[in-house]
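Novice: File name model19.txt; file contents compact mmCIF, C-alpha atoms and all ligand atoms; full text below.
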```txt
# COMPACT_ATOMS: atom_id res chain seq x y z
CA MET A 77 95.23 104.77 56.00
CA LEU A 78 93.97 104.78 59.61
CA LYS A 79 90.72 106.75 59.91
CA ILE A 80 90.34 108.79 63.10
CA ALA A 81 87.31 110.45 64.69
CA VAL A 82 87.96 113.14 67.31
CA SER A 83 85.41 113.99 70.03
CA GLY A 84 85.68 117.25 71.94
CA SER A 85 86.94 118.64 68.64
CA ASN A 86 86.47 122.28 69.69
CA GLY A 87 88.37 121.82 72.96
CA ARG A 88 92.02 122.63 73.70
CA MET A 89 93.11 119.02 73.26
CA GLY A 90 90.69 118.37 70.39
CA GLN A 91 92.27 121.25 68.47
CA ALA A 92 95.82 120.03 69.22
CA ILE A 93 94.94 116.51 68.03
CA ILE A 94 93.39 117.81 64.81
CA GLU A 95 96.55 119.85 64.15
CA ALA A 96 98.76 116.79 64.79
CA ILE A 97 96.64 114.58 62.49
CA GLU A 98 96.81 117.18 59.73
CA GLN A 99 100.62 116.99 59.90
CA SER A 100 100.66 113.18 59.65
CA ASN A 101 100.98 111.14 56.44
CA SER A 102 99.78 107.87 57.95
CA ILE A 103 96.45 108.82 59.54
CA LYS A 104 93.43 110.76 58.38
CA LEU A 105 90.86 112.85 60.26
CA VAL A 106 87.42 111.75 59.10
CA ILE A 107 85.00 113.14 61.69
CA LYS A 108 85.02 115.93 64.23
CA ILE A 109 82.47 115.25 66.97
CA ASP A 110 81.19 118.13 69.07
CA GLN A 111 78.08 118.60 71.15
CA ASN A 112 75.99 119.35 68.03
CA ASN A 113 76.52 116.14 66.08
CA ASN A 114 75.86 112.48 66.89
CA LEU A 115 78.60 109.87 66.81
CA THR A 116 76.02 107.18 66.03
CA ASN A 117 75.60 108.61 62.52
CA TYR A 118 79.28 108.05 61.64
CA LEU A 119 80.05 104.57 62.96
CA ASP A 120 80.87 103.13 59.52
CA ASN A 121 83.36 105.89 58.75
CA PHE A 122 86.20 105.57 61.31
CA ASP A 123 88.60 103.03 62.86
CA VAL A 124 89.51 104.70 66.21
CA LEU A 125 87.82 107.46 68.22
CA ILE A 126 90.18 109.77 70.14
CA ASP A 127 88.33 111.38 73.07
CA PHE A 128 89.47 114.21 75.34
CA THR A 129 86.25 115.62 76.83
CA TYR A 130 84.50 115.28 80.22
CA PRO A 131 83.73 112.03 82.09
CA ALA A 132 79.98 112.01 81.31
CA ALA A 133 80.63 112.70 77.61
CA THR A 134 83.39 110.06 77.44
CA LEU A 135 81.07 107.43 78.96
CA GLY A 136 78.40 108.31 76.39
CA TYR A 137 80.85 107.87 73.50
CA LEU A 138 82.30 104.71 75.05
CA SER A 139 78.85 103.18 75.35
CA ILE A 140 78.22 103.82 71.62
CA CYS A 141 81.68 102.47 70.61
CA ALA A 142 81.35 99.39 72.85
CA LYS A 143 78.09 98.44 71.09
CA ALA A 144 79.55 99.10 67.64
CA GLY A 145 82.91 97.37 68.27
CA LYS A 146 84.90 100.57 67.69
CA LYS A 147 88.21 101.19 69.47
CA MET A 148 88.88 104.28 71.58
CA VAL A 149 91.81 106.29 72.90
CA ILE A 150 90.61 108.09 76.05
CA GLY A 151 92.57 110.98 77.58
CA THR A 152 89.78 112.44 79.70
CA THR A 153 90.51 112.75 83.44
CA GLY A 154 88.39 113.43 86.53
CA PHE A 155 86.35 110.20 86.69
CA ASN A 156 84.82 109.44 90.10
CA ASP A 157 84.70 105.83 91.35
CA ASP A 158 81.27 105.16 89.90
CA GLU A 159 82.22 106.59 86.49
CA PHE A 160 85.47 104.62 86.50
CA ASN A 161 83.53 101.41 87.22
CA GLN A 162 81.23 102.17 84.28
CA LEU A 163 84.28 102.72 82.06
CA THR A 164 85.82 99.42 83.19
CA SER A 165 82.61 97.56 82.50
CA LEU A 166 82.13 99.05 79.00
CA ALA A 167 85.77 98.34 78.10
CA LYS A 168 85.07 94.59 78.44
CA ASN A 169 83.66 94.81 74.91
CA ILE A 170 86.37 96.74 73.06
CA PRO A 171 90.09 97.52 73.43
CA ILE A 172 90.78 101.03 74.69
CA VAL A 173 93.90 102.99 75.60
CA PHE A 174 93.09 104.99 78.74
CA ALA A 175 95.81 107.23 80.20
CA PRO A 176 95.68 110.47 82.18
CA ASN A 177 98.79 111.68 80.41
CA MET A 178 99.89 110.65 76.90
CA SER A 179 103.30 112.35 76.91
CA VAL A 180 106.39 110.18 76.68
CA GLY A 181 108.08 112.26 79.40
CA VAL A 182 105.36 111.73 81.99
CA ASN A 183 105.25 108.00 81.28
CA LEU A 184 109.03 107.85 81.71
CA SER A 185 108.57 109.81 84.97
CA LEU A 186 106.13 107.13 86.20
CA LYS A 187 108.87 104.55 85.71
CA LEU A 188 111.40 106.77 87.52
CA LEU A 189 108.93 107.19 90.38
CA GLU A 190 108.60 103.43 90.71
CA ILE A 191 112.39 103.17 91.06
CA ALA A 192 112.57 106.08 93.52
CA ALA A 193 109.75 104.66 95.63
CA LYS A 194 111.47 101.27 95.74
CA VAL A 195 114.82 102.73 96.82
CA ILE A 196 113.85 105.62 99.13
CA GLY A 197 110.06 105.57 99.49
CA GLU A 198 109.91 104.05 102.97
CA ASP A 199 112.41 106.62 104.30
CA SER A 200 110.76 109.67 102.70
CA ASP A 201 107.93 112.11 103.17
CA ILE A 202 106.33 112.05 99.71
CA GLU A 203 104.56 115.12 98.31
CA ILE A 204 103.07 115.68 94.84
CA VAL A 205 102.52 119.21 93.55
CA GLU A 206 100.73 119.88 90.25
CA MET A 207 100.16 123.14 88.40
CA HIS A 208 97.76 123.73 85.47
CA HIS A 209 95.97 126.50 83.55
CA ARG A 210 93.00 128.33 85.03
CA PHE A 211 90.44 126.46 82.84
CA LYS A 212 91.21 122.97 84.15
CA ALA A 213 88.01 121.48 85.56
CA ASP A 214 89.32 118.62 87.73
CA ALA A 215 91.71 118.48 90.70
CA PRO A 216 94.07 116.94 91.50
CA SER A 217 95.10 116.22 87.92
CA GLY A 218 94.72 112.70 86.60
CA THR A 219 98.50 112.59 86.21
CA ALA A 220 99.12 113.50 89.87
CA LEU A 221 96.71 110.78 90.95
CA LYS A 222 98.41 108.26 88.66
CA MET A 223 101.81 109.25 90.12
CA GLY A 224 100.40 108.72 93.61
CA GLU A 225 98.96 105.35 92.60
CA VAL A 226 102.28 104.14 91.15
CA ILE A 227 104.12 105.16 94.34
CA ALA A 228 101.46 103.69 96.66
CA ASP A 229 101.38 100.39 94.71
CA THR A 230 105.18 100.15 94.82
CA LEU A 231 105.14 100.71 98.59
CA GLY A 232 102.22 98.33 99.20
CA ARG A 233 100.00 101.20 100.38
CA ASP A 234 96.38 101.93 99.40
CA LEU A 235 96.15 105.42 97.87
CA LYS A 236 92.52 105.67 99.01
CA THR A 237 93.63 105.63 102.65
CA CYS A 238 97.12 107.18 102.49
CA ALA A 239 96.40 110.24 100.30
CA VAL A 240 96.01 113.68 101.91
CA TYR A 241 94.66 116.46 99.66
CA GLY A 242 95.72 119.86 101.06
CA ARG A 243 96.22 120.24 104.80
CA LYS A 244 93.54 122.65 105.94
CA GLY A 245 92.19 121.61 109.32
CA ILE A 246 94.88 119.02 110.03
CA LYS A 247 96.34 119.71 113.47
CA GLN A 248 98.98 117.05 113.84
CA ILE A 249 102.51 116.41 112.66
CA ARG A 250 103.08 114.66 109.37
CA ASP A 251 102.58 110.90 109.22
CA ARG A 252 105.44 109.28 107.22
CA ASN A 253 102.98 106.97 105.43
CA ILE A 254 100.85 109.60 103.79
CA ILE A 255 101.24 110.84 100.22
CA GLY A 256 100.39 114.56 100.08
CA PHE A 257 98.80 116.31 97.08
CA SER A 258 98.77 120.06 96.35
CA THR A 259 97.10 121.80 93.43
CA ILE A 260 97.86 125.16 91.79
CA ARG A 261 95.62 126.67 89.08
CA GLY A 262 96.47 129.80 87.10
CA GLY A 263 97.06 131.43 83.74
CA ASP A 264 98.02 129.29 80.78
CA VAL A 265 100.25 126.63 82.39
CA VAL A 266 100.03 123.54 80.15
CA GLY A 267 100.87 121.08 82.93
CA GLU A 268 103.61 120.64 85.53
CA HIS A 269 104.12 117.88 88.10
CA THR A 270 106.76 117.56 90.81
CA VAL A 271 107.08 114.64 93.19
CA SER A 272 109.39 115.29 96.16
CA PHE A 273 110.90 112.60 98.34
CA PHE A 274 112.00 114.39 101.53
CA MET A 275 114.63 112.45 103.48
CA GLN A 276 116.88 113.32 106.41
CA GLY A 277 119.46 115.84 105.06
CA GLU A 278 118.49 115.54 101.40
CA ARG A 279 115.59 115.67 98.95
CA VAL A 280 115.00 114.00 95.59
CA GLU A 281 112.59 115.70 93.15
CA ILE A 282 111.21 114.29 89.93
CA THR A 283 109.65 117.01 87.78
CA HIS A 284 107.90 116.99 84.42
CA LYS A 285 106.93 120.21 82.64
CA ALA A 286 104.81 120.21 79.49
CA SER A 287 105.26 123.35 77.42
CA SER A 288 102.92 122.39 74.55
CA ARG A 289 99.74 120.28 74.23
CA MET A 290 101.33 118.80 71.11
CA THR A 291 103.17 116.33 73.37
CA PHE A 292 99.82 114.89 74.55
CA ALA A 293 98.36 114.99 71.03
CA LEU A 294 101.28 113.07 69.48
CA GLY A 295 101.01 110.51 72.29
CA ALA A 296 97.29 110.07 71.57
CA ILE A 297 98.02 109.49 67.87
CA ARG A 298 100.74 106.98 68.71
CA ALA A 299 98.20 105.21 70.95
CA ALA A 300 95.61 105.13 68.12
CA GLU A 301 98.15 103.65 65.69
CA TRP A 302 99.14 101.01 68.28
CA LEU A 303 95.49 100.22 69.07
CA ALA A 304 94.71 99.72 65.38
CA LYS A 305 96.82 96.53 65.49
CA VAL A 306 94.93 95.05 68.49
CA PRO A 307 91.98 92.75 67.54
CA SER A 308 88.61 94.58 67.93
CA ASN A 309 87.01 91.78 69.92
CA LYS A 310 89.76 91.82 72.58
CA GLY A 311 88.12 93.95 75.30
CA CYS A 312 90.85 95.41 77.52
CA ILE A 313 92.05 98.67 79.09
CA TYR A 314 95.57 99.39 77.88
CA SER A 315 97.82 102.19 79.15
CA MET A 316 100.63 104.24 77.62
CA LYS A 317 102.99 101.76 79.28
CA ASP A 318 101.64 99.18 76.79
CA VAL A 319 101.81 101.60 73.86
CA LEU A 320 105.39 102.65 74.66
CA GLU A 321 106.36 99.05 75.51
CA MET A 322 107.71 100.12 78.92
CA SER A 323 107.33 97.04 81.11
N1 LIG B 401 95.56 112.28 78.81
C1 LIG B 401 96.23 113.39 78.49
O1 LIG B 401 97.38 113.34 78.00
C2 LIG B 401 95.56 114.71 78.68
C3 LIG B 401 94.31 114.77 79.20
N2 LIG B 401 93.63 115.94 79.26
C4 LIG B 401 92.24 115.85 79.70
O2 LIG B 401 91.41 115.98 78.56
C5 LIG B 401 90.16 116.55 78.94
C6 LIG B 401 89.84 117.73 78.04
O3 LIG B 401 90.77 118.76 78.26
P1 LIG B 401 90.71 120.11 77.40
O4 LIG B 401 90.78 119.81 75.96
O5 LIG B 401 91.72 121.02 78.01
O6 LIG B 401 89.25 120.63 77.80
P2 LIG B 401 88.28 121.60 76.99
O7 LIG B 401 87.29 122.09 77.97
O8 LIG B 401 89.08 122.58 76.20
O9 LIG B 401 87.57 120.64 75.95
C7 LIG B 401 86.61 119.69 76.34
C8 LIG B 401 85.71 119.39 75.16
O10 LIG B 401 84.69 118.47 75.61
C9 LIG B 401 83.47 118.86 75.05
N3 LIG B 401 82.34 118.42 75.88
C10 LIG B 401 82.04 118.80 77.14
N4 LIG B 401 80.93 118.20 77.57
C11 LIG B 401 80.50 117.47 76.56
C12 LIG B 401 79.38 116.62 76.36
N5 LIG B 401 78.49 116.40 77.34
N6 LIG B 401 79.25 115.99 75.19
C13 LIG B 401 80.15 116.17 74.21
N7 LIG B 401 81.24 116.96 74.33
C14 LIG B 401 81.40 117.59 75.49
C15 LIG B 401 83.53 120.38 75.02
O11 LIG B 401 82.64 120.80 74.02
P3 LIG B 401 82.19 122.33 73.93
O12 LIG B 401 83.39 123.05 73.38
O13 LIG B 401 81.07 122.24 72.98
O14 LIG B 401 81.81 122.73 75.32
C16 LIG B 401 84.98 120.63 74.66
O15 LIG B 401 85.16 120.70 73.26
C17 LIG B 401 90.30 116.90 80.42
O16 LIG B 401 89.72 115.86 81.19
C18 LIG B 401 91.80 116.95 80.64
O17 LIG B 401 92.20 116.71 81.95
C19 LIG B 401 94.18 117.09 78.84
C20 LIG B 401 95.45 117.12 78.35
C21 LIG B 401 96.25 115.93 78.22
O1 LIG B 402 93.65 119.39 81.78
C1 LIG B 402 94.83 119.45 81.34
O2 LIG B 402 95.24 120.42 80.72
C2 LIG B 402 95.70 118.29 81.57
N1 LIG B 402 95.18 117.23 82.11
C3 LIG B 402 95.82 115.99 82.34
C4 LIG B 402 95.73 115.60 83.80
O3 LIG B 402 94.69 115.83 84.44
O4 LIG B 402 96.68 115.02 84.32
C5 LIG B 402 97.19 115.89 81.74
C6 LIG B 402 97.95 117.17 81.59
O5 LIG B 402 98.67 117.44 82.74
C7 LIG B 402 97.11 118.34 81.13
```
Can I see the file as structure tokens?
Specialist:
Amino acid sequence: MLKIAVSGSNGRMGQAIIEAIEQSNSIKLVIKIDQNNNLTNYLDNFDVLIDFTYPAATLGYLSICAKAGKKMVIGTTGFNDDEFNQLTSLAKNIPIVFAPNMSVGVNLSLKLLEIAAKVIGEDSDIEIVEMHHRFKADAPSGTALKMGEVIADTLGRDLKTCAVYGRKGIKQIRDRNIIGFSTIRGGDVVGEHTVSFFMQGERVEITHKASSRMTFALGAIRAAEWLAKVPSNKGCIYSMKDVLEMS
């Protein structure tokens, strides 16, 4: 039976993952890691670490796992460029699944966005709106950024130069080539993303709404089961596209 360690075990996602593991017959929860215990003491006990925490904490756990040859599923979002480079470098030693959103629906939406961008992207004003609960610590969401990246890549644009986050202070009409991002935070919204393609006389919208964190938790478990079959010495960053075999 696959042995799982969960870091951030007291968090919203940590709790959802523990609940999902408890309902599974094929995997077993062996260690809950929180800020009071040390992963280093348990390295012989688990096969895959599932981590949904904060960037600094994730990098700490990844550094330990990379040295010990332990695989990781990482759902944490909000990495800055420097932190992302550290993650990329550490993942040369072990296979990891790293995805800002583990739900099947969002990963299908990424595929739909690729198609939409190909067909209508050049003729559209593209705007991404995301809405999350009041406790979310990063903005825009990792999912919104991933959606923007997929669209920008499809259109041959660089998201670093074509993204506009909010419009305060901008005193000019909209440039067709930008991808706009807007963020809403409030209450207990689990996670909602809408990408609008505004054309002349019509508008296409692709929306995903998560109503339970269980969708992310089940995706993380699916990723751990998939990762278990990848050789430990094959350092690589995999995505949910790999896990779900969506080429
Ligand atoms: N990829 C996906 O599908 C999804 C990704 N996420 C992402 O997962 C992350 C966590 O979200 P969520 O569960 O809502 O957040 P929470 O704040 O509820 O949980 C975060 C956990 O991280 C722990 N933590 C914080 N700092 C440290 C540290 N330095 N060392 C060890 N542990 C630490 C916290 O511990 P303590 O309780 O002790 O403070 C807490 O248990 C976010 O980045 C979020 O965006 C969320 C949902 C889905
Ligand atoms: O913090 C959250 O809650 C979520 N974070 C992820 C993100 O930043 O995209 C995924 C999901 O939308 C929930």
Novice: Tell me which protein, DNA and RNA residues are within 12 Å of Val173 (chain A), counting all atoms listed in the file, leaving out same-chain ones fewer than 6 positions away, and put them as an MDAnalysis selection string.
Specialist: chainID A and resid 124:127 138 147:152 163:164 167 295:304 306 311:320
Novice: Please identify all protein, DNA and RNA residues within 9 Å of ligand LIG 402 (chain B), counting only C-alpha atoms and all ligand atoms, and report them as a ChimeraX atom specification.
Specialist: /A:88-89,151-154,175-179,182,206-209,211-222,265-269,285-286,289,292
Novice: Please list as an NGL selection string every residue within 10 Å of region 105-114 of chain A, counting only C-alpha atoms and excluding residues in the same chain fewer than 5 positions away.
Specialist: :A and (78-87 or 90-91 or 93-98 or 100 or 119 or 121-123 or 125-127 or 129 or 133 or 137)
Novice: Let me make sure I understand: among A:Gly277, A:Pro171, A:Gly245, A:Gly181, which one has the smallest atom-to-atom distance to ligand LIG 401 (chain B) if we use all atoms listed in the file?
Specialist: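 Going through A:Gly277, A:Pro171, A:Gly245, A:Gly181 one by one, the smallest distance to ligand LIG 401 (chain B) is for A:Gly181.
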Novice: Output as AutoDock Vina command-line options the centre and edge lengths (Å, one decimal) of the box along x, y and z of the file that holds every listed atom of ligand LIG 401 (chain B) after adding 4 Å on each side.
Specialist:
```
--center_x 87.9 --center_y 117.7 --center_z 77.5 --size_x 26.9 --size_y 18.8 --size_z 17.0
```
Novice: Here is a test: counting all atoms listed in the file, which residue of A:Gln248, A:Thr134, A:Thr116, A:Gln276 is nearest to ligand LIG 401 (chain B)?
Specialist: A:Thr134
Novice: If we count all atoms listed in the file and set the cut-off at 6 Å, which residues sit around Arg210 (chain A), ignoring sequence neighbours fewer than 2 positions away in its own chain? Please answer as a PyMOL selection string.
Specialist: chain A and resi 212+261-263
Novice: Counting only C-alpha atoms and all ligand atoms, which residue out of A:Asn117, A:Thr270, A:Thr237, A:Ser288 sits closest to ligand LIG 401 (chain B)?
Specialist: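 Looking only at the distances to ligand LIG 401 (chain B), the closest residue turns out to be A:Ser288.
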Novice: Identify, on the basis of only C-alpha atoms, every residue whose closest approach to Asn253 (chain A) does not exceed 8 Å; exclude the query and any residue fewer than 4 positions from it along the same chain; express the result as a PyMOL selection string.
Specialist: chain A and resi 198+201+238
Novice: For C-alpha atoms, I'd like the residues from the last selection saved as a PDB file, in the coordinates of the input.
Specialist:
```pdb
ATOM      1  CA  GLU A 198     109.910 104.050 102.970  1.00  0.00           C
ATOM      2  CA  ASP A 201     107.930 112.110 103.170  1.00  0.00           C
ATOM      3  CA  CYS A 238      97.120 107.180 102.490  1.00  0.00           C
TER       4      CYS A 238
END
```
Novice: Which of these residues is nearest to ligand LIG 401 (chain B), using all atoms listed in the file: A:Leu184, A:Ala293, A:Ile202, A:Ile282?
Specialist: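 The shortest atom-to-atom distance to ligand LIG 401 (chain B) comes from A:Ala293.
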Novice: Using all atoms listed in the file, which residue out of A:Met290, A:Ala192, A:Met322, A:Ile260 lies closest to ligand LIG 401 (chain B)?
Specialist: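 Among A:Met290, A:Ala192, A:Met322, A:Ile260, it is A:Met290 that comes nearest to ligand LIG 401 (chain B).
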Novice: Nearest to ligand LIG 401 (chain B) among A:Thr259, A:Thr283, A:Thr230, A:Asn183, with distances taken over only C-alpha atoms and all ligand atoms: which residue is it?
Specialist: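 Checking each of A:Thr259, A:Thr283, A:Thr230, A:Asn183 against ligand LIG 401 (chain B), counting only C-alpha atoms and all ligand atoms, the winner is A:Asn183.
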Novice: Could you check how far atom C7 of ligand LIG 401 (chain B) sits from CA of Leu115 (chain A), in Å to one decimal?
Specialist: 15.9 Å
Novice: Using atom O8 of ligand LIG 401 (chain B) and CA of Asp120 (chain A) as the two end points, give the distance in Å to one decimal.
Specialist: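 Value for the atom O8 of ligand LIG 401 (chain B)-CA of Asp120 (chain A) distance: 26.9 Å.
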Novice: For Lys194 (chain A), work out the shell of residues within 10 Å, counting all atoms listed in the file and skipping chain neighbours fewer than 5 positions away, then give it as number ranges by chain.
Specialist: A: 188-189, 227, 230-231
Novice: Find the distance between CA of Lys187 (chain A) and atom O1 of ligand LIG 401 (chain B) and write it in Å to one decimal.
Specialist: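 Computed distance, CA of Lys187 (chain A) to atom O1 of ligand LIG 401 (chain B), equals 16.4 Å.
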Novice: Can you spit out region 108-130 of chain A with N, CA and C atoms, as a PDB file, in the first residue's frame, from the structure just given?
Specialist:
```pdb
ATOM      1  N   LYS A 108       1.617  13.030   9.572  1.00  0.00           N
ATOM      2  CA  LYS A 108       1.096  14.392   9.401  1.00  0.00           C
ATOM      3  C   LYS A 108       2.212  15.336   9.837  1.00  0.00           C
ATOM      4  N   ILE A 109       2.635  16.201   8.910  1.00  0.00           N
ATOM      5  CA  ILE A 109       3.710  17.147   9.238  1.00  0.00           C
ATOM      6  C   ILE A 109       3.101  18.529   9.450  1.00  0.00           C
ATOM      7  N   ASP A 110       3.370  19.104  10.625  1.00  0.00           N
ATOM      8  CA  ASP A 110       2.978  20.500  10.844  1.00  0.00           C
ATOM      9  C   ASP A 110       4.220  21.260  11.306  1.00  0.00           C
ATOM     10  N   GLN A 111       4.023  22.483  11.750  1.00  0.00           N
ATOM     11  CA  GLN A 111       5.196  23.299  12.064  1.00  0.00           C
ATOM     12  C   GLN A 111       5.919  22.811  13.328  1.00  0.00           C
ATOM     13  N   ASN A 112       5.334  21.860  14.053  1.00  0.00           N
ATOM     14  CA  ASN A 112       5.965  21.401  15.299  1.00  0.00           C
ATOM     15  C   ASN A 112       6.735  20.096  15.175  1.00  0.00           C
ATOM     16  N   ASN A 113       6.666  19.436  14.010  1.00  0.00           N
ATOM     17  CA  ASN A 113       7.486  18.229  13.885  1.00  0.00           C
ATOM     18  C   ASN A 113       8.374  18.319  12.646  1.00  0.00           C
ATOM     19  N   ASN A 114       9.402  17.453  12.603  1.00  0.00           N
ATOM     20  CA  ASN A 114      10.464  17.588  11.607  1.00  0.00           C
ATOM     21  C   ASN A 114      10.425  16.427  10.624  1.00  0.00           C
ATOM     22  N   LEU A 115      10.218  16.764   9.368  1.00  0.00           N
ATOM     23  CA  LEU A 115      10.122  15.746   8.313  1.00  0.00           C
ATOM     24  C   LEU A 115      11.341  14.818   8.302  1.00  0.00           C
ATOM     25  N   THR A 116      12.498  15.372   8.612  1.00  0.00           N
ATOM     26  CA  THR A 116      13.747  14.597   8.575  1.00  0.00           C
ATOM     27  C   THR A 116      13.669  13.338   9.443  1.00  0.00           C
ATOM     28  N   ASN A 117      12.866  13.388  10.494  1.00  0.00           N
ATOM     29  CA  ASN A 117      12.776  12.222  11.400  1.00  0.00           C
ATOM     30  C   ASN A 117      11.960  11.070  10.819  1.00  0.00           C
ATOM     31  N   TYR A 118      11.259  11.313   9.698  1.00  0.00           N
ATOM     32  CA  TYR A 118      10.311  10.295   9.202  1.00  0.00           C
ATOM     33  C   TYR A 118      10.636   9.797   7.794  1.00  0.00           C
ATOM     34  N   LEU A 119      11.851  10.086   7.324  1.00  0.00           N
ATOM     35  CA  LEU A 119      12.149   9.821   5.910  1.00  0.00           C
ATOM     36  C   LEU A 119      12.047   8.352   5.509  1.00  0.00           C
ATOM     37  N   ASP A 120      12.228   7.440   6.484  1.00  0.00           N
ATOM     38  CA  ASP A 120      12.150   6.009   6.136  1.00  0.00           C
ATOM     39  C   ASP A 120      10.709   5.511   6.079  1.00  0.00           C
ATOM     40  N   ASN A 121       9.767   6.357   6.484  1.00  0.00           N
ATOM     41  CA  ASN A 121       8.406   5.848   6.709  1.00  0.00           C
ATOM     42  C   ASN A 121       7.424   6.057   5.552  1.00  0.00           C
ATOM     43  N   PHE A 122       7.743   6.943   4.580  1.00  0.00           N
ATOM     44  CA  PHE A 122       6.740   7.245   3.547  1.00  0.00           C
ATOM     45  C   PHE A 122       7.306   7.119   2.133  1.00  0.00           C
ATOM     46  N   ASP A 123       6.369   7.030   1.155  1.00  0.00           N
ATOM     47  CA  ASP A 123       6.767   6.949  -0.264  1.00  0.00           C
ATOM     48  C   ASP A 123       6.658   8.302  -0.944  1.00  0.00           C
ATOM     49  N   VAL A 124       5.564   9.039  -0.694  1.00  0.00           N
ATOM     50  CA  VAL A 124       5.316  10.336  -1.370  1.00  0.00           C
ATOM     51  C   VAL A 124       4.852  11.350  -0.325  1.00  0.00           C
ATOM     52  N   LEU A 125       5.424  12.562  -0.403  1.00  0.00           N
ATOM     53  CA  LEU A 125       4.958  13.668   0.455  1.00  0.00           C
ATOM     54  C   LEU A 125       4.000  14.542  -0.358  1.00  0.00           C
ATOM     55  N   ILE A 126       2.805  14.767   0.176  1.00  0.00           N
ATOM     56  CA  ILE A 126       1.862  15.712  -0.461  1.00  0.00           C
ATOM     57  C   ILE A 126       1.929  17.014   0.324  1.00  0.00           C
ATOM     58  N   ASP A 127       2.235  18.119  -0.369  1.00  0.00           N
ATOM     59  CA  ASP A 127       2.468  19.404   0.299  1.00  0.00           C
ATOM     60  C   ASP A 127       1.582  20.509  -0.257  1.00  0.00           C
ATOM     61  N   PHE A 128       0.758  21.068   0.616  1.00  0.00           N
ATOM     62  CA  PHE A 128      -0.017  22.274   0.301  1.00  0.00           C
ATOM     63  C   PHE A 128       0.239  23.229   1.460  1.00  0.00           C
ATOM     64  N   THR A 129       1.267  24.088   1.336  1.00  0.00           N
ATOM     65  CA  THR A 129       1.606  24.978   2.459  1.00  0.00           C
ATOM     66  C   THR A 129       1.844  26.407   1.948  1.00  0.00           C
ATOM     67  N   TYR A 130       3.046  26.911   2.183  1.00  0.00           N
ATOM     68  CA  TYR A 130       3.464  28.236   1.716  1.00  0.00           C
ATOM     69  C   TYR A 130       4.788  28.052   0.985  1.00  0.00           C
TER      70      TYR A 130
END
```
